[in-house]
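See below for the structure under consideration.
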Amino acid sequence: MDESFHVTFRGVRGSIGTPVSLVQMEEKLTKALERAQPEDLKDASTRKSFIDSLPFEIRGCFGGNTPCVQMQVGGENLIFDGGTGIRQVGQDLLKGDFGKGQGKAHIFFSHTHWDHIQGLPFFTPFYIKGNHFTLVSPHDNLKKRLEVQQSPEYFPVPFDAYSATLDIPDVHGKSEISVGDIKVKWQEMCHPGKSFSYRIEYAGKSVVYATDAEYKNLRAEKLQPYVDFFRDADLLIFDSMFTFGDGLERRDWGHSSTFIGVDLAVDANVKEIAFFHHDPRYDDFKLVDIFSQTQKYLKSIAPESNLKMFLSYEDLTVDILQVESPIQDKAENVPYPIKLNGKGQNLSQIPGKILVSKNGLLNQDDFL
Ligand SMILES: [Zn+2]
Ligand SMILES: [Zn+2]
């Protein structure tokens with residue numbers, strides 16, 4: 001049996017797709033060049049080392065695709081939300097069974113705001129006969145909602161025209177389903193039109209996907225249901241779209257902040273929190289700045305806490321089953337846990353818990 005529990009972030013931006021702008025690119029290039037010494041630019045190898053040594057927010061980017069998180073768990077394919085990030089998931093799946101019309105996956109929806117469904121019409125495995133998908137949403141009328149998005153005024157291919165089989169089971173009145181040996185539970189969250197968080201449990205480990213959620217009433221008894229749902233999670237993926245100040249100004253917008261994420265994660269004894277659904281207004285430098293404020297906040301409210309945290313970014317994979325990690329043990333919390341290095345390496349060379357990108361692996365120096 002395939003024992004695995006990999007979580008890959010494929011779209012981490014909230015509300016609307018947010019490509020890197022020309023101004024942002026220039027800022028990154030300027031900052032990089034300011035750091036360069038003549039010896040860094042000597043030849044291809046020194047240039048490569050120099051680029052690898054740059055902070056992620058200068059050398060890379062957190063990503064502009066809207067929410068989609070892919071999980072490969074015990075041989076099953078689970079996908080959470082169909083934001084624009086799902087397009088590339090589809091391209092990657094085509095290389096395996098899905099390209100032959102033999103793929104099987106579950107897609108779970110937190111809700112159907114545009115940023116969580118807009119990638120679906122571009123998910124190529126839907127167009128291949130023989131593939132089988134189970135679409136799960138505790139909201140009423142998922143099918144109708146997805147049909148509307150693909151009515152002829154808005155998209156040329158109707159939702160009913162896909163060649164793959166799309167099952168939409170009625171989960172009304174339920175609060176969990178099993179997929180193979182995996183349990184997926186859900187809980188209603190506070191968001192305009194409501195949203196649902198999912199808790200995925202497998203092999204004694206758990207991941208919670210909690211996006212598009214506001215915690216309006218911060219009294220302990222009101223937060224208790226969320227704390228219970230997040231309890232002891234190995235990874236909590238948390239809507240931290242706003243700064244704490246934004247959250248006060250934008251009450252009822254349905255989003256939360258890194259500070260509230262830290263509060264809940266500490267109370268729920270979460271091991272690691274991934275900040276997610278980044279605000280389209282905030283560039284990579286701002287995200288890192290918010291992260292460093294959040295580090296100070298964690299130190300002030302829970303100096304003894306072992307909570308790990310990071311800013312999620314596109315194509316980052318977290319291996320949930322590898323918990324004992326010399327890398328993690330020595331880690332200070334860093335805004336981005338790894339570096340993309342652009343060249344594939346053997347995953348087995350990395351000890352303990354690994355945080356890998358699709359295209360490369362971490363530079364362990366970041367952690368030591
Ligand atoms: Zn959203
Ligand atoms: Zn929403």
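By convention here, the chains of the structure tokens are called A, B, ... in the order presented, each chain's residues are numbered starting at 1, and ligands are numbered starting at 1 in the order presented.
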Step by step, measure atom-to-atom distances between ligand 1 and each residue using only C-alpha atoms and all ligand atoms, keep those at most 10 Å, then write them as an MDAnalysis selection string. chainID A and resid 12:16 66:67 81 83 110:117 191 195 211:213 239 241 254:255 276:279
Return as a PyMOL selection string the full set of residues in region 234-266 of chain A whose backbone-based DSSP assignment is helix (DSSP H, G or I). chain A and resi 244-249+258-266
Would you output that residue set with N, CA and C atoms, as a short mmCIF file (atom, residue, chain, number, x, y, z; two decimals), in the first residue's frame?
```cif
data_model
loop_
_atom_site.label_atom_id
_atom_site.label_comp_id
_atom_site.auth_asym_id
_atom_site.auth_seq_id
_atom_site.Cartn_x
_atom_site.Cartn_y
_atom_site.Cartn_z
N PHE A 244 -3.74 42.11 11.21
CA PHE A 244 -4.69 42.21 12.31
C PHE A 244 -5.49 43.51 12.19
N GLY A 245 -4.80 44.60 11.79
CA GLY A 245 -5.47 45.90 11.62
C GLY A 245 -6.51 45.86 10.52
N ASP A 246 -6.18 45.22 9.38
CA ASP A 246 -7.17 45.08 8.29
C ASP A 246 -8.43 44.42 8.81
N GLY A 247 -8.23 43.40 9.64
CA GLY A 247 -9.36 42.62 10.15
C GLY A 247 -10.32 43.48 10.96
N LEU A 248 -9.74 44.47 11.67
CA LEU A 248 -10.60 45.36 12.45
C LEU A 248 -11.37 46.29 11.51
N GLU A 249 -10.68 46.76 10.47
CA GLU A 249 -11.33 47.68 9.52
C GLU A 249 -12.33 46.95 8.62
N THR A 258 -2.92 36.53 10.49
CA THR A 258 -1.91 35.63 11.05
C THR A 258 -1.99 35.61 12.58
N PHE A 259 -2.29 36.75 13.19
CA PHE A 259 -2.31 36.82 14.66
C PHE A 259 -3.40 35.89 15.21
N ILE A 260 -4.58 35.96 14.60
CA ILE A 260 -5.67 35.10 15.08
C ILE A 260 -5.32 33.64 14.80
N GLY A 261 -4.67 33.40 13.68
CA GLY A 261 -4.20 32.03 13.38
C GLY A 261 -3.28 31.51 14.46
N VAL A 262 -2.35 32.36 14.90
CA VAL A 262 -1.42 31.95 15.95
C VAL A 262 -2.17 31.68 17.25
N ASP A 263 -3.09 32.56 17.60
CA ASP A 263 -3.88 32.35 18.82
C ASP A 263 -4.57 30.98 18.80
N LEU A 264 -5.26 30.72 17.69
CA LEU A 264 -6.03 29.47 17.61
C LEU A 264 -5.11 28.27 17.57
N ALA A 265 -3.99 28.40 16.83
CA ALA A 265 -3.07 27.27 16.70
C ALA A 265 -2.44 26.93 18.05
N VAL A 266 -2.09 27.95 18.81
CA VAL A 266 -1.49 27.71 20.14
C VAL A 266 -2.54 27.03 21.04
#
```
Run DSSP on the backbone and give me the residues of region 141-204 of chain A it puts in strand (DSSP E), as a ChimeraX atom specification. /A:165-167,176-179,182-189,195-202
Selected residues written out, C-alpha atoms, as a PDB file, in the first residue's frame:
```pdb
ATOM      1  CA  THR A 165     -17.483  11.149 -14.926  1.00  0.00           C
ATOM      2  CA  LEU A 166     -18.283  13.737 -12.265  1.00  0.00           C
ATOM      3  CA  ASP A 167     -20.202  12.445  -9.260  1.00  0.00           C
ATOM      4  CA  GLU A 176     -17.544  13.490   7.328  1.00  0.00           C
ATOM      5  CA  ILE A 177     -16.841  10.960   4.601  1.00  0.00           C
ATOM      6  CA  SER A 178     -14.221   8.256   4.132  1.00  0.00           C
ATOM      7  CA  VAL A 179     -12.003   8.011   1.097  1.00  0.00           C
ATOM      8  CA  ILE A 182      -8.716   8.592   4.923  1.00  0.00           C
ATOM      9  CA  LYS A 183     -11.340  10.421   6.958  1.00  0.00           C
ATOM     10  CA  VAL A 184     -12.390  13.861   5.780  1.00  0.00           C
ATOM     11  CA  LYS A 185     -14.472  15.867   8.270  1.00  0.00           C
ATOM     12  CA  TRP A 186     -15.890  19.328   7.793  1.00  0.00           C
ATOM     13  CA  GLN A 187     -17.100  22.238   9.819  1.00  0.00           C
ATOM     14  CA  GLU A 188     -19.082  25.328   8.882  1.00  0.00           C
ATOM     15  CA  MET A 189     -17.178  28.597   9.137  1.00  0.00           C
ATOM     16  CA  SER A 195     -17.668  28.279   3.938  1.00  0.00           C
ATOM     17  CA  PHE A 196     -16.473  24.902   5.191  1.00  0.00           C
ATOM     18  CA  SER A 197     -13.160  23.843   6.660  1.00  0.00           C
ATOM     19  CA  TYR A 198     -11.905  20.304   6.161  1.00  0.00           C
ATOM     20  CA  ARG A 199      -9.933  18.080   8.479  1.00  0.00           C
ATOM     21  CA  ILE A 200      -8.089  15.228   6.760  1.00  0.00           C
ATOM     22  CA  GLU A 201      -7.019  12.341   8.978  1.00  0.00           C
ATOM     23  CA  TYR A 202      -4.776   9.508   7.885  1.00  0.00           C
TER      24      TYR A 202
END
```
Write out as a short mmCIF file (atom, residue, chain, number, x, y, z; two decimals) with N, CA and C atoms, in the first residue's frame each polymer residue whose atoms come within 9 Å of region 28-45 of chain A, counting only C-alpha atoms; drop sequence neighbours fewer than 3 positions from it.
```
data_model
loop_
_atom_site.label_atom_id
_atom_site.label_comp_id
_atom_site.auth_asym_id
_atom_site.auth_seq_id
_atom_site.Cartn_x
_atom_site.Cartn_y
_atom_site.Cartn_z
N VAL A 23 6.61 46.45 -11.92
CA VAL A 23 7.24 47.23 -10.84
C VAL A 23 7.83 46.29 -9.79
N GLN A 24 7.07 45.25 -9.45
CA GLN A 24 7.56 44.28 -8.44
C GLN A 24 8.79 43.53 -8.95
N MET A 25 8.77 43.17 -10.25
CA MET A 25 9.93 42.49 -10.83
C MET A 25 11.17 43.37 -10.74
N LYS A 48 25.01 31.14 -10.03
CA LYS A 48 23.98 30.21 -9.51
C LYS A 48 24.00 30.23 -7.97
N SER A 49 25.20 30.16 -7.38
CA SER A 49 25.30 30.18 -5.91
C SER A 49 24.75 31.49 -5.36
N PHE A 50 25.06 32.59 -6.07
CA PHE A 50 24.58 33.89 -5.61
C PHE A 50 23.05 33.92 -5.62
N ILE A 51 22.47 33.46 -6.73
CA ILE A 51 21.00 33.46 -6.82
C ILE A 51 20.41 32.59 -5.72
N LEU A 54 20.06 34.24 -2.30
CA LEU A 54 19.14 35.36 -2.09
C LEU A 54 17.90 34.92 -1.33
N GLU A 57 11.96 36.01 -1.18
CA GLU A 57 11.09 37.10 -1.67
C GLU A 57 11.79 37.94 -2.74
N ILE A 58 13.13 37.84 -2.83
CA ILE A 58 13.85 38.53 -3.90
C ILE A 58 13.97 37.61 -5.12
N ARG A 59 14.31 36.38 -4.87
CA ARG A 59 14.65 35.44 -5.95
C ARG A 59 13.42 34.74 -6.53
N GLY A 60 12.38 34.60 -5.72
CA GLY A 60 11.20 33.86 -6.17
C GLY A 60 9.94 34.68 -5.95
#
```
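Between CA of Ser163 (chain A) and CA of His132 (chain A) there is a distance of 9.7 Å.
Closest approach to Arg251 (chain A) among A:Lys308, A:Arg87, A:Arg281, A:Lys216: A:Lys216, based on only C-alpha atoms.
Put simply, CA of Trp253 (chain A) is 21.2 Å away from CA of Arg145 (chain A).
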Point out the residue among A:Asp319, A:Glu76, A:Asp252, A:Asp170 with the least atom-to-atom distance to ligand 2, counting only C-alpha atoms and all ligand atoms. A:Asp252
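The spacing separating CA of Asn65 (chain A) from CA of His6 (chain A) amounts to 19.7 Å.
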